[in-house]
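Data block for start.txt (compact mmCIF, C-alpha atoms and all ligand atoms):
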# COMPACT_ATOMS: atom_id res chain seq x y z
CA MET A 1 22.39 4.06 3.18
CA GLU A 2 25.51 3.20 1.13
CA THR A 3 23.84 1.51 -1.85
CA LYS A 4 20.43 2.60 -3.06
CA ILE A 5 17.67 -0.03 -3.17
CA PRO A 6 16.45 -0.57 -6.77
CA VAL A 7 12.67 -0.12 -7.02
CA VAL A 8 10.02 -0.97 -9.59
CA ILE A 9 7.00 1.31 -10.09
CA LEU A 10 3.82 -0.54 -11.11
CA GLY A 11 1.25 1.67 -12.84
CA ALA A 12 4.04 4.20 -13.47
CA THR A 13 2.11 6.11 -16.17
CA GLY A 14 -0.94 7.05 -14.02
CA SER A 15 -1.67 9.88 -11.62
CA VAL A 16 -0.09 8.14 -8.62
CA GLY A 17 2.62 6.48 -10.74
CA GLN A 18 3.81 9.87 -12.02
CA LYS A 19 3.98 11.16 -8.46
CA PHE A 20 6.14 8.13 -7.54
CA VAL A 21 8.48 9.02 -10.41
CA GLU A 22 8.64 12.65 -9.27
CA LEU A 23 9.31 11.77 -5.60
CA LEU A 24 11.77 8.93 -6.29
CA LYS A 25 13.91 10.54 -9.00
CA ASP A 26 16.31 11.98 -6.38
CA HIS A 27 15.47 9.81 -3.37
CA PRO A 28 18.45 9.19 -1.05
CA TRP A 29 17.64 5.50 -0.39
CA PHE A 30 15.70 4.26 -3.45
CA GLU A 31 16.53 4.25 -7.15
CA ILE A 32 14.05 3.74 -9.99
CA ALA A 33 15.06 0.50 -11.75
CA ALA A 34 11.94 -0.18 -13.86
CA LEU A 35 8.71 1.55 -14.87
CA CYS A 36 5.81 -0.82 -15.52
CA ALA A 37 2.29 -0.33 -16.85
CA SER A 38 -0.29 -2.03 -19.09
CA GLU A 39 0.32 -3.68 -22.48
CA ARG A 40 -0.87 -0.37 -24.00
CA SER A 41 2.24 1.36 -22.65
CA ALA A 42 4.79 -1.50 -22.56
CA GLY A 43 7.59 -1.19 -25.09
CA LYS A 44 7.30 2.62 -25.40
CA PRO A 45 9.70 5.18 -23.92
CA TYR A 46 8.16 6.52 -20.70
CA LYS A 47 7.85 10.07 -22.09
CA GLU A 48 5.63 8.72 -24.90
CA ALA A 49 3.61 6.31 -22.78
CA ALA A 50 2.85 8.74 -19.94
CA ASN A 51 1.15 12.07 -20.49
CA TRP A 52 3.40 13.80 -17.91
CA PHE A 53 1.20 16.35 -16.13
CA GLN A 54 3.36 17.08 -13.07
CA SER A 55 4.59 20.66 -12.71
CA SER A 56 8.26 19.55 -12.41
CA GLU A 57 10.28 18.60 -15.51
CA LEU A 58 10.51 14.89 -16.37
CA PRO A 59 14.24 14.03 -16.23
CA GLU A 60 15.53 13.02 -19.68
CA ARG A 61 17.05 9.72 -18.43
CA ILE A 62 13.65 8.66 -17.00
CA GLY A 63 11.75 9.82 -20.08
CA ARG A 64 13.96 7.50 -22.17
CA MET A 65 13.32 4.39 -20.00
CA ILE A 66 11.28 1.76 -21.84
CA VAL A 67 8.03 0.89 -20.04
CA GLN A 68 7.86 -2.79 -19.03
CA PRO A 69 4.80 -5.01 -18.65
CA CYS A 70 3.73 -5.85 -15.07
CA ASP A 71 4.81 -9.48 -15.36
CA ALA A 72 7.22 -9.74 -12.40
CA SER A 73 9.98 -10.85 -14.76
CA VAL A 74 12.53 -8.31 -13.46
CA VAL A 75 14.31 -9.62 -10.37
CA GLY A 76 14.11 -7.12 -7.51
CA ARG A 77 13.13 -6.45 -3.91
CA LEU A 78 10.78 -3.49 -3.72
CA ALA A 79 7.78 -2.50 -5.84
CA PHE A 80 5.61 0.59 -5.42
CA SER A 81 2.14 0.06 -6.85
CA GLY A 82 -0.12 2.73 -8.32
CA LEU A 83 -2.10 0.18 -10.29
CA ASP A 84 -5.71 0.51 -11.29
CA ALA A 85 -7.72 -1.46 -8.70
CA GLU A 86 -9.30 -3.49 -11.52
CA VAL A 87 -5.95 -5.24 -12.05
CA ALA A 88 -3.92 -4.62 -8.88
CA GLY A 89 -5.00 -7.76 -6.95
CA PRO A 90 -3.38 -10.53 -9.03
CA ILE A 91 -0.44 -8.39 -10.22
CA GLU A 92 0.58 -7.37 -6.67
CA GLN A 93 0.27 -11.01 -5.53
CA ALA A 94 2.45 -12.16 -8.44
CA TYR A 95 5.17 -9.66 -7.44
CA ALA A 96 4.96 -10.76 -3.80
CA LYS A 97 5.24 -14.38 -4.93
CA ALA A 98 8.34 -13.43 -6.92
CA GLY A 99 9.93 -12.10 -3.73
CA TYR A 100 9.08 -8.40 -3.87
CA THR A 101 7.89 -6.30 -0.98
CA VAL A 102 4.92 -4.55 -2.63
CA VAL A 103 3.90 -1.21 -1.15
CA SER A 104 0.48 -0.54 -2.62
CA ASN A 105 -1.97 2.34 -2.97
CA SER A 106 -4.80 0.20 -4.28
CA LYS A 107 -7.77 -0.97 -2.26
CA ASN A 108 -7.45 -4.67 -3.12
CA HIS A 109 -5.48 -5.96 -0.10
CA ARG A 110 -6.30 -3.25 2.47
CA HIS A 111 -8.63 -5.46 4.51
CA HIS A 112 -6.70 -8.73 4.18
CA PRO A 113 -6.17 -9.84 7.82
CA ASP A 114 -2.38 -10.23 7.36
CA VAL A 115 -1.82 -6.98 5.43
CA PRO A 116 -1.03 -3.79 7.35
CA LEU A 117 -3.09 -0.73 6.39
CA LEU A 118 -0.18 1.42 7.33
CA VAL A 119 0.20 5.07 8.33
CA PRO A 120 3.68 5.26 9.90
CA GLU A 121 2.71 8.06 12.31
CA ILE A 122 -0.23 5.99 13.60
CA ASN A 123 0.20 2.23 13.49
CA ALA A 124 3.83 1.27 12.79
CA SER A 125 3.31 -1.68 15.17
CA HIS A 126 0.87 -3.23 12.63
CA LEU A 127 3.91 -4.19 10.53
CA GLU A 128 4.02 -7.26 12.78
CA LEU A 129 1.13 -8.60 10.63
CA ILE A 130 3.46 -9.35 7.72
CA GLN A 131 4.91 -12.29 9.67
CA GLY A 132 1.69 -14.19 8.98
CA GLN A 133 1.59 -13.47 5.23
CA GLN A 134 1.56 -16.36 2.79
CA PHE A 135 1.91 -14.61 -0.55
CA GLY A 136 5.28 -16.31 -1.15
CA GLU A 137 8.77 -14.96 -0.51
CA GLY A 138 7.59 -11.34 -0.63
CA LYS A 139 5.16 -9.16 1.33
CA ILE A 140 2.28 -6.74 0.66
CA ILE A 141 1.77 -3.50 2.61
CA THR A 142 -1.02 -1.02 1.83
CA ASN A 143 -1.80 2.67 2.16
CA PRO A 144 -5.23 3.96 3.08
CA ASN A 145 -7.50 5.78 0.65
CA CYS A 146 -6.40 9.36 -0.10
CA SER A 147 -9.23 10.97 1.86
CA THR A 148 -8.94 8.52 4.79
CA ILE A 149 -5.33 9.57 5.36
CA GLY A 150 -6.10 13.23 6.13
CA LEU A 151 -8.91 12.20 8.43
CA VAL A 152 -6.92 9.66 10.47
CA MET A 153 -3.91 11.98 10.78
CA ALA A 154 -6.18 14.66 12.26
CA LEU A 155 -8.00 12.20 14.51
CA LYS A 156 -4.97 10.33 15.88
CA PRO A 157 -3.81 13.04 18.34
CA LEU A 158 -7.43 13.36 19.54
CA VAL A 159 -7.83 9.58 19.86
CA ASP A 160 -4.70 9.44 22.04
CA ALA A 161 -5.52 12.47 24.21
CA PHE A 162 -9.32 12.37 24.59
CA GLY A 163 -10.75 9.41 22.69
CA VAL A 164 -13.02 9.85 19.63
CA ARG A 165 -16.50 8.26 19.60
CA GLU A 166 -18.29 9.73 16.58
CA VAL A 167 -17.17 11.44 13.38
CA SER A 168 -19.12 13.16 10.63
CA VAL A 169 -17.02 14.13 7.60
CA VAL A 170 -17.86 15.89 4.32
CA THR A 171 -15.11 15.97 1.67
CA MET A 172 -14.28 18.25 -1.27
CA GLN A 173 -11.89 16.07 -3.28
CA ALA A 174 -9.43 17.04 -5.98
CA LEU A 175 -9.53 15.88 -9.59
CA SER A 176 -6.18 14.06 -9.47
CA GLY A 177 -7.77 11.68 -6.96
CA GLY A 178 -9.83 10.23 -9.82
CA GLY A 179 -6.74 9.18 -11.80
CA TYR A 180 -5.70 10.31 -15.27
CA PRO A 181 -7.53 11.58 -17.36
CA GLY A 182 -10.25 11.41 -14.69
CA VAL A 183 -13.52 13.37 -14.71
CA SER A 184 -14.13 15.08 -18.07
CA SER A 185 -13.79 18.88 -18.12
CA LEU A 186 -17.41 19.30 -19.22
CA ASP A 187 -18.53 17.42 -16.13
CA ILE A 188 -16.47 19.40 -13.61
CA VAL A 189 -15.77 22.97 -14.84
CA ASP A 190 -18.30 25.33 -13.18
CA ASN A 191 -19.55 22.32 -11.23
CA ALA A 192 -19.22 19.92 -8.26
CA VAL A 193 -20.21 16.25 -8.30
CA PRO A 194 -21.74 14.80 -5.10
CA TYR A 195 -20.64 11.21 -5.72
CA ILE A 196 -17.33 9.30 -5.79
CA GLY A 197 -17.94 5.59 -6.16
CA GLY A 198 -16.89 3.51 -3.14
CA GLU A 199 -15.24 6.46 -1.37
CA GLU A 200 -17.67 6.89 1.52
CA GLU A 201 -17.51 3.20 2.38
CA LYS A 202 -13.69 3.35 2.45
CA MET A 203 -13.68 6.41 4.72
CA GLU A 204 -16.07 4.75 7.14
CA LYS A 205 -14.24 1.40 7.30
CA GLU A 206 -10.50 2.04 6.92
CA PRO A 207 -9.98 4.14 10.10
CA LEU A 208 -11.31 1.25 12.20
CA LYS A 209 -8.47 -1.02 11.03
CA ILE A 210 -5.86 1.76 11.24
CA PHE A 211 -6.82 2.62 14.85
CA GLY A 212 -7.34 -1.07 15.73
CA ASP A 213 -5.39 -2.87 18.47
CA LEU A 214 -2.99 -5.65 17.58
CA ILE A 215 -4.07 -8.65 19.67
CA ASN A 216 -2.46 -12.09 19.20
CA GLY A 217 -1.17 -11.15 15.77
CA GLN A 218 -4.52 -9.83 14.49
CA VAL A 219 -6.03 -6.35 14.32
CA GLU A 220 -9.09 -5.89 16.52
CA PRO A 221 -10.97 -3.00 14.78
CA ALA A 222 -11.49 0.18 16.78
CA VAL A 223 -15.03 1.14 17.82
CA MET A 224 -15.92 4.51 16.28
CA ASN A 225 -19.03 5.66 14.38
CA ILE A 226 -18.07 7.43 11.16
CA SER A 227 -20.44 8.99 8.62
CA ALA A 228 -18.82 10.24 5.36
CA THR A 229 -20.14 12.27 2.42
CA CYS A 230 -17.77 12.67 -0.55
CA ASN A 231 -17.80 15.30 -3.31
CA ARG A 232 -15.56 15.95 -6.34
CA VAL A 233 -14.62 19.60 -6.87
CA ALA A 234 -12.60 21.49 -9.49
CA VAL A 235 -9.26 21.55 -7.62
CA ILE A 236 -6.26 19.77 -9.18
CA ASP A 237 -4.53 18.48 -5.99
CA GLY A 238 -5.52 18.54 -2.31
CA HIS A 239 -8.53 17.04 -0.55
CA MET A 240 -10.43 19.25 1.93
CA GLU A 241 -12.63 17.73 4.62
CA CYS A 242 -15.13 19.34 7.02
CA VAL A 243 -15.12 17.20 10.16
CA SER A 244 -17.30 17.12 13.31
CA VAL A 245 -16.29 14.90 16.23
CA ARG A 246 -17.70 13.65 19.51
CA LEU A 247 -14.81 13.07 21.93
CA GLY A 248 -14.52 10.46 24.66
CA ARG A 249 -13.98 13.15 27.29
CA SER A 250 -14.30 16.93 27.22
CA ALA A 251 -11.44 19.08 25.97
CA SER A 252 -10.88 22.79 25.40
CA ALA A 253 -9.95 24.30 22.02
CA GLN A 254 -6.49 25.03 23.42
CA GLN A 255 -5.98 21.40 24.48
CA ILE A 256 -7.09 20.12 21.07
CA ILE A 257 -4.78 22.49 19.19
CA GLU A 258 -1.87 21.53 21.47
CA ALA A 259 -2.57 17.83 20.86
CA TRP A 260 -2.35 18.44 17.08
CA GLU A 261 0.71 20.67 17.16
CA ASP A 262 2.69 18.51 19.59
CA TYR A 263 2.00 15.23 17.78
CA ARG A 264 5.13 13.34 16.72
CA ALA A 265 5.73 9.63 16.09
CA GLU A 266 8.27 7.09 14.77
CA PRO A 267 8.89 8.73 11.34
CA GLN A 268 9.86 12.03 13.01
CA GLU A 269 11.98 10.30 15.68
CA MET A 270 13.77 8.22 13.02
CA GLY A 271 14.23 11.25 10.73
CA LEU A 272 12.88 9.35 7.69
CA PRO A 273 13.56 11.30 4.47
CA MET A 274 9.88 11.58 3.44
CA ALA A 275 8.57 12.30 6.96
CA PRO A 276 7.06 15.73 7.62
CA GLU A 277 8.83 17.53 10.46
CA GLN A 278 5.44 18.32 11.97
CA PRO A 279 2.70 15.90 10.85
CA VAL A 280 -0.25 18.18 11.76
CA HIS A 281 -0.28 21.99 11.45
CA TYR A 282 -3.02 24.17 12.94
CA HIS A 283 -3.69 27.47 11.12
CA ARG A 284 -5.24 30.29 13.14
CA GLU A 285 -6.42 32.38 10.15
CA ASP A 286 -10.21 32.28 9.68
CA ASN A 287 -10.02 31.34 5.99
CA TYR A 288 -7.34 28.59 6.18
CA PRO A 289 -6.51 25.84 5.15
CA GLN A 290 -6.74 26.23 1.37
CA PRO A 291 -5.58 23.76 -1.32
CA ARG A 292 -3.41 26.19 -3.32
CA LYS A 293 -1.70 27.62 -0.24
CA HIS A 294 -1.22 24.59 1.99
CA ARG A 295 -1.16 21.33 0.03
CA MET A 296 2.67 21.42 -0.31
CA LEU A 297 3.33 22.12 3.38
CA ASP A 298 6.21 19.97 4.72
CA LYS A 299 6.89 18.38 1.24
CA GLY A 300 3.15 17.73 0.77
CA MET A 301 3.30 15.26 3.68
CA ALA A 302 1.69 17.31 6.47
CA VAL A 303 -2.01 17.72 7.20
CA SER A 304 -3.27 21.30 7.60
CA ILE A 305 -6.15 22.02 9.97
CA GLY A 306 -8.09 25.20 10.68
CA ARG A 307 -11.42 26.60 11.83
CA LEU A 308 -11.71 24.66 15.10
CA ARG A 309 -15.00 25.67 16.74
CA PRO A 310 -17.78 24.14 18.86
CA CYS A 311 -20.29 21.92 17.06
CA SER A 312 -23.92 22.22 18.15
CA ILE A 313 -24.62 18.55 17.31
CA LEU A 314 -21.33 16.77 18.19
CA ASP A 315 -18.56 18.42 20.31
CA TRP A 316 -16.11 20.15 17.93
CA LYS A 317 -15.79 20.85 14.21
CA PHE A 318 -12.86 21.79 11.98
CA THR A 319 -11.60 21.76 8.37
CA LEU A 320 -8.56 19.81 7.17
CA LEU A 321 -6.54 19.59 3.99
CA SER A 322 -4.03 17.00 2.74
CA HIS A 323 -2.30 16.38 -0.58
CA ASN A 324 -4.02 13.37 -2.13
CA THR A 325 -1.28 12.11 -4.46
CA ILE A 326 1.61 12.85 -2.04
CA ARG A 327 0.52 12.23 1.58
CA GLY A 328 -2.53 10.32 0.34
CA ALA A 329 -0.71 8.07 -2.12
CA ALA A 330 2.89 8.05 -3.45
CA GLY A 331 4.51 10.02 -0.60
CA GLY A 332 2.69 7.94 2.01
CA ALA A 333 3.79 4.71 0.31
CA ILE A 334 7.40 5.88 0.16
CA LEU A 335 7.23 6.72 3.88
CA ASN A 336 5.92 3.19 4.51
CA ALA A 337 8.91 1.73 2.66
CA GLU A 338 11.35 4.03 4.49
CA LEU A 339 9.92 2.87 7.82
CA MET A 340 10.36 -0.77 6.76
CA ALA A 341 13.92 -0.08 5.60
CA GLU A 342 14.78 1.60 8.90
CA MET A 343 13.24 -1.32 10.83
CA GLY A 344 15.32 -3.81 8.80
CA LEU A 345 12.23 -5.28 7.09
CA LEU A 346 13.28 -4.80 3.46
P1 LIG B 1 -4.67 6.02 -13.06
O1 LIG B 1 -4.19 7.41 -13.29
O2 LIG B 1 -5.86 5.55 -13.80
O3 LIG B 1 -3.43 5.00 -13.34
C1 LIG B 1 -3.63 3.60 -13.40
C2 LIG B 1 -2.32 2.89 -13.77
O4 LIG B 1 -2.61 1.47 -13.86
C3 LIG B 1 -1.72 3.29 -15.12
O5 LIG B 1 -0.32 3.32 -15.03
C4 LIG B 1 -2.14 2.16 -16.04
O6 LIG B 1 -1.26 1.95 -17.13
C5 LIG B 1 -2.08 0.98 -15.11
N1 LIG B 1 -2.88 -0.14 -15.60
C6 LIG B 1 -4.18 -0.13 -15.99
N2 LIG B 1 -4.54 -1.35 -16.46
C7 LIG B 1 -3.44 -2.14 -16.36
C8 LIG B 1 -3.17 -3.49 -16.68
N3 LIG B 1 -4.12 -4.31 -17.22
N4 LIG B 1 -1.93 -3.98 -16.44
C9 LIG B 1 -0.97 -3.18 -15.92
N5 LIG B 1 -1.16 -1.88 -15.61
C10 LIG B 1 -2.38 -1.37 -15.81
O7 LIG B 1 -5.00 5.79 -11.53
P2 LIG B 1 -4.39 6.54 -10.21
O8 LIG B 1 -5.23 7.67 -9.80
O9 LIG B 1 -2.95 6.73 -10.41
O10 LIG B 1 -4.65 5.44 -9.10
C11 LIG B 1 -3.88 4.24 -9.01
C12 LIG B 1 -4.32 3.45 -7.80
O11 LIG B 1 -4.05 4.22 -6.62
C13 LIG B 1 -5.83 3.16 -7.80
O12 LIG B 1 -6.03 1.89 -7.24
C14 LIG B 1 -6.39 4.26 -6.92
O13 LIG B 1 -7.59 3.92 -6.31
C15 LIG B 1 -5.27 4.45 -5.90
N6 LIG B 1 -5.16 5.77 -5.27
C16 LIG B 1 -5.21 6.90 -6.02
C17 LIG B 1 -5.05 8.15 -5.39
C18 LIG B 1 -5.07 9.46 -6.14
O14 LIG B 1 -5.07 10.52 -5.48
N7 LIG B 1 -5.08 9.46 -7.48
C19 LIG B 1 -4.83 8.20 -4.03
C20 LIG B 1 -4.78 7.02 -3.28
C21 LIG B 1 -4.94 5.83 -3.92
P3 LIG B 1 -1.59 2.47 -18.64
O15 LIG B 1 -1.27 3.95 -18.65
O16 LIG B 1 -0.65 1.68 -19.46
O17 LIG B 1 -3.03 2.19 -18.90
Translate the structure described by the file into C-alpha cells.
Ligand code: NAP
Amino acid sequence: METKIPVVILGATGSVGQKFVELLKDHPWFEIAALCASERSAGKPYKEAANWFQSSELPERIGRMIVQPCDASVVGRLAFSGLDAEVAGPIEQAYAKAGYTVVSNSKNHRHHPDVPLLVPEINASHLELIQGQQFGEGKIITNPNCSTIGLVMALKPLVDAFGVREVSVVTMQALSGGGYPGVSSLDIVDNAVPYIGGEEEKMEKEPLKIFGDLINGQVEPAVMNISATCNRVAVIDGHMECVSVRLGRSASAQQIIEAWEDYRAEPQEMGLPMAPEQPVHYHREDNYPQPRKHRMLDKGMAVSIGRLRPCSILDWKFTLLSHNTIRGAAGGAILNAELMAEMGLL
C-alpha cells in the first residue's frame, strides 16, 4: 500500500484502546491520525490521559498527541472502536453517519441484522451484509466477545470436518478483559470470581451468528447447543477455556488434531499483515497451553489448544487459550480492517 490509511481510535485510553495504539504504531497500512476518548480525557496529551500499562514503551510522538472528544468532527475513513459499551452505540453510529467505516469491539451492534460479526478466518463472506446497512455514508463491522473468539476459532475446523452439535465451555478469563482499572486487587488477588456479567450469554449466542449461513443477504443462525460458564482469574492477559464437544460424526484424535493444524483461510492466503501464519496450534505437552507461555504465539493472533482427550459425557474435551486484547479485541479488529482493505471495501 503506497499511502497509509489514516485511522481514528475511539476509546483510545482504555484496555483495548491502548492495545490498538501498540499494534498500530508501526502498522504497514494504517497510521494513527487521532486518539479519542471521553470528555474526562479530551484536551490532555495522551500520555497524561491514559495510564499506559502495556509492556512496550509508548512512543513519544503518540504520547504528545492531544486526546480528542468522540464527536466525529475529524474527517476520515476508518475508525477502530474500543469504547465502553455504555456509550458505543450512538457514538459508533455518528461516525458511520459521518462516512467512517467503524470496526468495533463493543457488543452494541453485534446482532444487528446488517452488521457482520466478523472473524476473517471463519466468515469473510458475511461482509456482504454491509451492502444493506443504512447508517449513512459509512459502515459498522463488529468483532465477537474476547472469549467467543477463542472458542469459534477452535470449533471452526471441527465444524467443517465433522460438524459440531453440542458444546460445554468453562472459561478462566484474564483481568485485562474487564477493562482498565477493572476488578480491584482486593477482589482478585488470592481469589477467582465465578461471574462476569453478560459473558455467558454472549458466548452462547455469538457463535450461532458467526457460523450462520448467508441466505438472501441475511444470516441464518447455525444450530448448535452451547452451555458456557465464565470465571475471572488472576492472569493479566490470555483467556483459557475448557471445552467439551459432541461432533456430528465420529472422529479420531489424530483426525481432530490434523483438522486444527491444517486449518487456513482467507487471511493466510492473502498474507494480511496481522494474520497468524497458523491460526490454530495444537500442543502435545500434557500441561499446555498456558497463558504466560502461549498468549503471544503468532503475534498474539493464534489460538493454542492442548489436552485433547475423550469426554465421558460428550465426545471429546480439550483446553484452549487466546490473547483477549489482541486476538480477542484490537488485533482481531485490525485483521477485519485489513481484510476489508484487501477486498477493496475501505
Ligand atoms: P475500558 O478499559 O474501560 O475503556 C473504555 C474506553 O471508553 C476508554 O477509552 C474511555 O475513555 C472511553 N469512554 C468511556 N466513556 C466515554 C464517553 N462517554 N465518551 C467517549 N469515550 C468514553 O474498556 P475496554 O476493556 O478497553 O473495553 C472496550 C470495549 O471493548 C468494551 O465494549 C468491551 O466490552 C470490549 N472488549 C473488551 C475486551 C478486553 O479484553 N478488554 C475484549 C473484547 C471486547 P476515558 O479514559 O476518557 O474514560
For this session: Could you please determine the separation between atom P2 of ligand LIG 1 (chain B) and atom CA of A:Val74 in Å, to one decimal place?
Result: 22.7 Å
Residues within 7 Å of ligand LIG 1 (chain B) should be enumerated using only C-alpha atoms and all ligand atoms and returned as an mmCIF file with C-alpha atoms, in the coordinates of the input.
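The resulting file, pocket_36.cif, is shown below:
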data_model
loop_
_atom_site.group_PDB
_atom_site.id
_atom_site.type_symbol
_atom_site.label_atom_id
_atom_site.label_comp_id
_atom_site.auth_asym_id
_atom_site.auth_seq_id
_atom_site.Cartn_x
_atom_site.Cartn_y
_atom_site.Cartn_z
ATOM 1 C CA LEU A 10 3.820 -0.540 -11.110
ATOM 2 C CA GLY A 11 1.250 1.670 -12.840
ATOM 3 C CA ALA A 12 4.040 4.200 -13.470
ATOM 4 C CA THR A 13 2.110 6.110 -16.170
ATOM 5 C CA GLY A 14 -0.940 7.050 -14.020
ATOM 6 C CA SER A 15 -1.670 9.880 -11.620
ATOM 7 C CA VAL A 16 -0.090 8.140 -8.620
ATOM 8 C CA GLY A 17 2.620 6.480 -10.740
ATOM 9 C CA ALA A 37 2.290 -0.330 -16.850
ATOM 10 C CA SER A 38 -0.290 -2.030 -19.090
ATOM 11 C CA GLU A 39 0.320 -3.680 -22.480
ATOM 12 C CA ARG A 40 -0.870 -0.370 -24.000
ATOM 13 C CA SER A 41 2.240 1.360 -22.650
ATOM 14 C CA ALA A 49 3.610 6.310 -22.780
ATOM 15 C CA ALA A 50 2.850 8.740 -19.940
ATOM 16 C CA PRO A 69 4.800 -5.010 -18.650
ATOM 17 C CA CYS A 70 3.730 -5.850 -15.070
ATOM 18 C CA GLY A 82 -0.120 2.730 -8.320
ATOM 19 C CA LEU A 83 -2.100 0.180 -10.290
ATOM 20 C CA ASP A 84 -5.710 0.510 -11.290
ATOM 21 C CA ALA A 85 -7.720 -1.460 -8.700
ATOM 22 C CA VAL A 87 -5.950 -5.240 -12.050
ATOM 23 C CA ASN A 105 -1.970 2.340 -2.970
ATOM 24 C CA SER A 106 -4.800 0.200 -4.280
ATOM 25 C CA LYS A 107 -7.770 -0.970 -2.260
ATOM 26 C CA ASN A 145 -7.500 5.780 0.650
ATOM 27 C CA CYS A 146 -6.400 9.360 -0.100
ATOM 28 C CA SER A 176 -6.180 14.060 -9.470
ATOM 29 C CA GLY A 177 -7.770 11.680 -6.960
ATOM 30 C CA GLY A 178 -9.830 10.230 -9.820
ATOM 31 C CA GLY A 179 -6.740 9.180 -11.800
ATOM 32 C CA TYR A 180 -5.700 10.310 -15.270
ATOM 33 C CA PRO A 181 -7.530 11.580 -17.360
ATOM 34 C CA ASN A 324 -4.020 13.370 -2.130
ATOM 35 C CA THR A 325 -1.280 12.110 -4.460
ATOM 36 C CA GLY A 328 -2.530 10.320 0.340
ATOM 37 C CA ALA A 329 -0.710 8.070 -2.120
#
Taking a cut-off of 12 Å and counting only C-alpha atoms, can you build a table that, for each residue of stretch 126-176 of chain A near stretch 220-242 of chain A, reports the nearest atom pair and how far apart they are in Å (one decimal), sorted by chain then residue number, as a tab-separated table?
residue	atom	partner	partner_atom	distance
A:His126	CA	A:Glu220	CA	11.0
A:Asn145	CA	A:His239	CA	11.4
A:Cys146	CA	A:His239	CA	8.0
A:Ser147	CA	A:His239	CA	6.6
A:Thr148	CA	A:Glu241	CA	9.9
A:Ile149	CA	A:His239	CA	10.0
A:Gly150	CA	A:His239	CA	8.1
A:Leu151	CA	A:Glu241	CA	7.7
A:Val152	CA	A:Ile226	CA	11.4
A:Ala154	CA	A:Glu241	CA	10.5
A:Leu155	CA	A:Met224	CA	11.2
A:Val159	CA	A:Met224	CA	10.2
A:Gly163	CA	A:Met224	CA	9.6
A:Val164	CA	A:Met224	CA	6.9
A:Arg165	CA	A:Met224	CA	5.0
A:Glu166	CA	A:Asn225	CA	4.7
A:Val167	CA	A:Ile226	CA	4.7
A:Ser168	CA	A:Ser227	CA	4.8
A:Val169	CA	A:Ala228	CA	4.8
A:Val170	CA	A:Thr229	CA	4.7
A:Thr171	CA	A:Glu241	CA	4.2
A:Met172	CA	A:Asn231	CA	5.0
A:Gln173	CA	A:His239	CA	4.4
A:Ala174	CA	A:Val235	CA	4.8
A:Leu175	CA	A:Ile236	CA	5.1
A:Ser176	CA	A:Ile236	CA	5.7
For this session: Can you pull out every residue within 7 Å of A:Glu261, counting only C-alpha atoms, but drop anything in the same chain fewer than 2 positions away, and send it as a ChimeraX atom specification?
Result: /A:257-259,263,280-282
Quick one: residues within 9 Å of (4.8, 9.0, 4.0) (file frame), counting all atoms listed in the file, please, as a compact mmCIF listing (two decimals) with C-alpha atoms, in the frame of the given file.
# COMPACT_ATOMS: atom_id res chain seq x y z
CA VAL A 119 0.20 5.07 8.33
CA PRO A 120 3.68 5.26 9.90
CA GLU A 121 2.71 8.06 12.31
CA PRO A 267 8.89 8.73 11.34
CA LEU A 272 12.88 9.35 7.69
CA MET A 274 9.88 11.58 3.44
CA ALA A 275 8.57 12.30 6.96
CA PRO A 276 7.06 15.73 7.62
CA MET A 301 3.30 15.26 3.68
CA ILE A 326 1.61 12.85 -2.04
CA ARG A 327 0.52 12.23 1.58
CA GLY A 328 -2.53 10.32 0.34
CA ALA A 329 -0.71 8.07 -2.12
CA ALA A 330 2.89 8.05 -3.45
CA GLY A 331 4.51 10.02 -0.60
CA GLY A 332 2.69 7.94 2.01
CA ALA A 333 3.79 4.71 0.31
CA ILE A 334 7.40 5.88 0.16
CA LEU A 335 7.23 6.72 3.88
CA ASN A 336 5.92 3.19 4.51
CA ALA A 337 8.91 1.73 2.66
CA GLU A 338 11.35 4.03 4.49
CA LEU A 339 9.92 2.87 7.82
For this session: State, in Å with one decimal place, the distance from atom CA of A:Cys311 to atom CA of A:Val243.
Result: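 Interatomic distance here is 9.8 Å.
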For this session: Please return, as a ChimeraX atom specification, all polymer residues that have at least one atom within 6 Å of the point (3.6, 15.2, 16.3); use all atoms listed in the file and the file's own coordinate frame.
Result: /A:262-265,278-279
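All residues of protein, DNA or RNA that reach within 8 Å of A:Phe80, judged by only C-alpha atoms and not counting those fewer than 5 positions away in the chain, are Val7, Val8, Ile9, Leu10, Phe20, Val102, Val103, Ser104, Ala333 and Ile334 of chain A.
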For this session: Tell me which of A:Ala34, A:Ile196, A:Met153, A:Ile122 sits closest to A:Val75, counting all atoms listed in the file.
Result: A:Ala34
Exercise. Which is closer to A:Arg307 than all the others in A:Met270, A:Ile210, A:Ala192, A:Ala253, using only C-alpha atoms?
Worked result: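 Answer, going by the shortest atom-to-atom distance: A:Ala253.
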Problem set entry | Residue among A:Ala88, A:Lys299, A:Val67, A:Leu346 lying closest to A:Glu137, counting all atoms listed in the file |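 Selected residue with least distance to A:Glu137: A:Leu346.
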For this session: Identify which of the residues A:Leu127, A:Asp298, A:Asp26, A:Leu308 lies closest to A:Leu214, counting all atoms listed in the file when measuring atom-to-atom distances.
Result: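 Distance minimum relative to A:Leu214 lands on A:Leu127.
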For this session: Tell me which of A:Ala96, A:Leu158, A:Leu320, A:Ile62 sits closest to A:Gln133, counting all atoms listed in the file.
Result: A:Ala96
Exercise. Do you have the atom CA of A:Gly344-atom CA of A:Glu128 distance handy?
Worked result: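 We find that atom CA of A:Gly344 and atom CA of A:Glu128 lie 12.5 Å from each other.
Residue nearest A:Glu48 within the list A:Ser81, A:Gly63, A:Gln218, A:Gly99: A:Gly63 [criterion: smallest interatomic distance, only C-alpha atoms].
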